[in-house]
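To keep things clear, I will list the structure first and then write my remarks on it.
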Amino acid sequence: MKPTRIVSIIGTGSYVPEKVLTNHDLEEIVETSDEWIHSRTGMRERHIAAANQATSDLGTEAAKAALADAGIAAEELDLLIVATLSPDMFFPSTACFVQERIGAKNAFCYDLGAACSGFLYALDTAKNQIISGAVKTALVIGAEKMSTFIDWEDRGTCILFGDGAGAAVLQAGGEGRGIMKSVMGSDGSLADLLWIPGGGSRNPVSHEMIDQRQHYLKMQGREVFKHAVVRMTEAVIEALEKNNVTLDEIKCLIPHQANIRIIGAIAKRLGVGDRMYTNVEKYANTSSAALAIALDEAVKDGTIQRGDLVALTVFGGGFTWGASVLEWSK
Ligand code: ACO
């Protein structure tokens, strides 16, 4: 395959599990209230996967929807990346499970770990694989079963997350500028502000580790909040500059769906007002799936139309962050 300069998204899809957990339902689980959650986060409800649904099952549904939207067969995929922090198991990769389920037998497959920033990292990685000429068509999925990894006794975190998956099919070519240049960053010195400390090689599975609930997500919310606002705002500004695009030209800005107050603070700093897309009220924070689901919804509900310039920005554990700009051409 020849190197190319344009890479376009030719289809998107998303999936959320059937079960809805409202803020009022959470009042039965921990000491909290709908008023507290909504005023602090903008969330009203989130979807929770069934006990027999793994992350790859959610990703598979989103993948099928994206392939149908793109109008291509799974056999046409050369590359399949799943961004997730809640894999089915340590190995094989969740991507391999999705590959098997959708029949993408010609793709090479791997997972990408960048916490909530994973989908944008994967989008950029796949785009560059296509630009290099190594692959022609790629499927990028953000999929999470966060409900497995959150501590349902910790009201500071369990109210924030939901399960779901989103996907995009990328292909060489297309009209317009396609997926443009991205800005990515990481800061490992802040890892302990947002992590799952137990269960890996640092702190392996043991009765003691589980008794200490170290296998669940831990977060210092206020610190995360501050860094998320600063990093996403700066990343958007840098990405616009890198692509010679002004904020006025952006039709829609899709941020990581972590908290309506984080999104509001970024909107205020950038001065983008109601061009900020949000669905955090319905799904809460679905980590790496959040941007993918929001992109799919923004396309399907007509917010994003052919020829529109769209900015994407993410922030997550690591810390990791990034921003990108694309011209929608479907
Ligand atoms: N219900 C009621 N009260 C609560 C709850 C709850 N669910 N959770 C905490 N509280 C209490 C606390 O105990 C505390 O009480 P105290 O004052 O008596 O000690 C009080 O509310 C204030 O707690 P804070 O944690 O200081 O509340 P804050 O206003 O910072 O809001 C929140 C907390 C919503 C978590 C906020 O810090 C936040 O959104 N941070 C960013 C989190 C985030 O988005 N993380 C993910 C980003 S990256 C990624 O997606 C992985």
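Ordering of the structure tokens sets the chain letters (A, B, ...); residue numbers start at 1 within each chain; ligands are numbered from 1 in the order shown.
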Taking only C-alpha atoms and all ligand atoms into account, which residues are within 8 Å of ligand 1, as an mmCIF file with C-alpha atoms, in the first residue's frame?
data_model
loop_
_atom_site.group_PDB
_atom_site.id
_atom_site.type_symbol
_atom_site.label_atom_id
_atom_site.label_comp_id
_atom_site.auth_asym_id
_atom_site.auth_seq_id
_atom_site.Cartn_x
_atom_site.Cartn_y
_atom_site.Cartn_z
ATOM 1 C CA VAL A 30 -24.146 4.567 48.988
ATOM 2 C CA GLU A 31 -24.910 7.673 51.012
ATOM 3 C CA THR A 32 -25.524 10.187 48.235
ATOM 4 C CA SER A 33 -28.323 12.065 46.494
ATOM 5 C CA TRP A 36 -25.400 16.073 44.933
ATOM 6 C CA ILE A 37 -24.426 13.980 41.936
ATOM 7 C CA ARG A 40 -21.308 18.183 41.049
ATOM 8 C CA THR A 41 -21.086 16.162 37.821
ATOM 9 C CA ALA A 115 -6.991 5.118 30.351
ATOM 10 C CA CYS A 116 -9.680 7.651 29.397
ATOM 11 C CA SER A 117 -7.478 9.076 26.630
ATOM 12 C CA ASP A 154 -16.785 4.395 47.642
ATOM 13 C CA ARG A 155 -19.295 7.171 46.985
ATOM 14 C CA GLY A 156 -16.507 9.455 45.788
ATOM 15 C CA THR A 157 -15.946 7.323 42.677
ATOM 16 C CA CYS A 158 -18.780 4.840 42.104
ATOM 17 C CA ILE A 159 -21.228 7.559 41.105
ATOM 18 C CA LEU A 160 -18.991 8.779 38.299
ATOM 19 C CA LEU A 194 -5.962 8.143 39.374
ATOM 20 C CA MET A 219 -8.959 8.814 42.540
ATOM 21 C CA GLN A 220 -8.115 12.157 44.089
ATOM 22 C CA GLY A 221 -11.016 13.940 42.457
ATOM 23 C CA ARG A 222 -10.101 17.577 43.069
ATOM 24 C CA GLU A 223 -6.559 17.157 41.720
ATOM 25 C CA VAL A 224 -7.804 15.246 38.690
ATOM 26 C CA PHE A 225 -10.346 17.976 38.060
ATOM 27 C CA LYS A 226 -7.738 20.754 37.997
ATOM 28 C CA ALA A 228 -8.083 17.823 33.367
ATOM 29 C CA HIS A 256 -13.858 13.604 27.301
ATOM 30 C CA GLN A 257 -17.172 13.116 29.089
ATOM 31 C CA ALA A 258 -15.877 13.097 32.672
ATOM 32 C CA ASN A 259 -17.873 15.808 34.401
ATOM 33 C CA ARG A 261 -18.130 21.112 35.379
ATOM 34 C CA ILE A 262 -14.834 20.124 33.744
ATOM 35 C CA ASN A 285 -17.919 8.707 32.464
ATOM 36 C CA THR A 286 -17.334 5.659 30.251
ATOM 37 C CA SER A 287 -13.573 6.263 30.139
ATOM 38 C CA SER A 288 -12.077 5.398 26.746
ATOM 39 C CA PHE A 315 -7.751 13.414 29.574
ATOM 40 C CA GLY A 316 -7.189 10.344 31.715
ATOM 41 C CA GLY A 317 -5.115 8.325 34.118
#
Region 47-60 of chain A surroundings by only C-alpha atoms, 6 Å radius, close-in-sequence under 3 positions cut, as a list in words: Pro17, Lys19, Val20, Leu21, Ala63, Asp88, Thr94, Val98, Ala143, Glu144, Lys145, Gly162, Asp163 and Ala165 of chain A
Put those residues in a file: N, CA and C atoms, as a PDB file, in the first residue's frame.
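Just written: result.pdb:
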ATOM      1  N   PRO A  17     -25.025  -0.893  27.369  1.00  0.00           N
ATOM      2  CA  PRO A  17     -25.847  -2.005  27.859  1.00  0.00           C
ATOM      3  C   PRO A  17     -27.250  -1.526  28.241  1.00  0.00           C
ATOM      4  N   LYS A  19     -29.198  -2.113  30.903  1.00  0.00           N
ATOM      5  CA  LYS A  19     -29.539  -1.717  32.282  1.00  0.00           C
ATOM      6  C   LYS A  19     -29.115  -0.269  32.581  1.00  0.00           C
ATOM      7  N   VAL A  20     -30.089   0.512  33.075  1.00  0.00           N
ATOM      8  CA  VAL A  20     -29.823   1.909  33.434  1.00  0.00           C
ATOM      9  C   VAL A  20     -29.771   2.019  34.959  1.00  0.00           C
ATOM     10  N   LEU A  21     -28.736   2.671  35.457  1.00  0.00           N
ATOM     11  CA  LEU A  21     -28.607   2.914  36.897  1.00  0.00           C
ATOM     12  C   LEU A  21     -28.719   4.426  37.110  1.00  0.00           C
ATOM     13  N   ALA A  63     -18.527  -2.229  17.287  1.00  0.00           N
ATOM     14  CA  ALA A  63     -17.792  -2.530  16.049  1.00  0.00           C
ATOM     15  C   ALA A  63     -18.747  -2.883  14.915  1.00  0.00           C
ATOM     16  N   ASP A  88     -11.037  -7.743  29.051  1.00  0.00           N
ATOM     17  CA  ASP A  88     -11.674  -9.008  29.475  1.00  0.00           C
ATOM     18  C   ASP A  88     -10.747  -9.738  30.448  1.00  0.00           C
ATOM     19  N   THR A  94      -8.227  -7.776  24.432  1.00  0.00           N
ATOM     20  CA  THR A  94      -9.667  -7.648  24.159  1.00  0.00           C
ATOM     21  C   THR A  94      -9.879  -7.523  22.651  1.00  0.00           C
ATOM     22  N   VAL A  98     -12.618  -9.383  20.136  1.00  0.00           N
ATOM     23  CA  VAL A  98     -13.531  -8.683  19.215  1.00  0.00           C
ATOM     24  C   VAL A  98     -13.302  -9.175  17.782  1.00  0.00           C
ATOM     25  N   ALA A 143     -13.767   0.756  24.581  1.00  0.00           N
ATOM     26  CA  ALA A 143     -14.775  -0.097  25.239  1.00  0.00           C
ATOM     27  C   ALA A 143     -14.426  -0.264  26.712  1.00  0.00           C
ATOM     28  N   GLU A 144     -15.424  -0.142  27.564  1.00  0.00           N
ATOM     29  CA  GLU A 144     -15.154  -0.244  28.998  1.00  0.00           C
ATOM     30  C   GLU A 144     -16.309  -0.896  29.752  1.00  0.00           C
ATOM     31  N   LYS A 145     -15.943  -1.821  30.626  1.00  0.00           N
ATOM     32  CA  LYS A 145     -16.882  -2.278  31.650  1.00  0.00           C
ATOM     33  C   LYS A 145     -16.336  -1.751  32.979  1.00  0.00           C
ATOM     34  N   GLY A 162     -19.704   4.696  34.087  1.00  0.00           N
ATOM     35  CA  GLY A 162     -20.684   3.841  33.432  1.00  0.00           C
ATOM     36  C   GLY A 162     -19.982   2.940  32.426  1.00  0.00           C
ATOM     37  N   ASP A 163     -20.741   2.007  31.845  1.00  0.00           N
ATOM     38  CA  ASP A 163     -20.199   1.058  30.869  1.00  0.00           C
ATOM     39  C   ASP A 163     -20.669   1.414  29.458  1.00  0.00           C
ATOM     40  N   ALA A 165     -19.407   1.349  24.834  1.00  0.00           N
ATOM     41  CA  ALA A 165     -18.369   1.226  23.805  1.00  0.00           C
ATOM     42  C   ALA A 165     -18.725   2.084  22.595  1.00  0.00           C
TER      43      ALA A 165
END
Residues flagged strand (DSSP E) by DSSP in region 42-234 of chain A, as number ranges by chain: A: 45-48, 79-83, 108-112, 137-144, 164-172, 179-186, 194-195, 218-219
Between CA of Leu112 (chain A) and CA of Ile266 (chain A) - distance in Å to one decimal: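 Atom-to-atom, CA of Ile266 (chain A) to CA of Leu112 (chain A), that is 26.3 Å.
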Polymer residues at most 12 Å from Ile10 (chain A), only C-alpha atoms, same-chain spacing of 2 or more positions, as a VMD selection string: chain A and resid 7 to 8 12 to 13 66 to 72 137 to 140 167 to 175 178 to 179 296 299 306 327 to 330
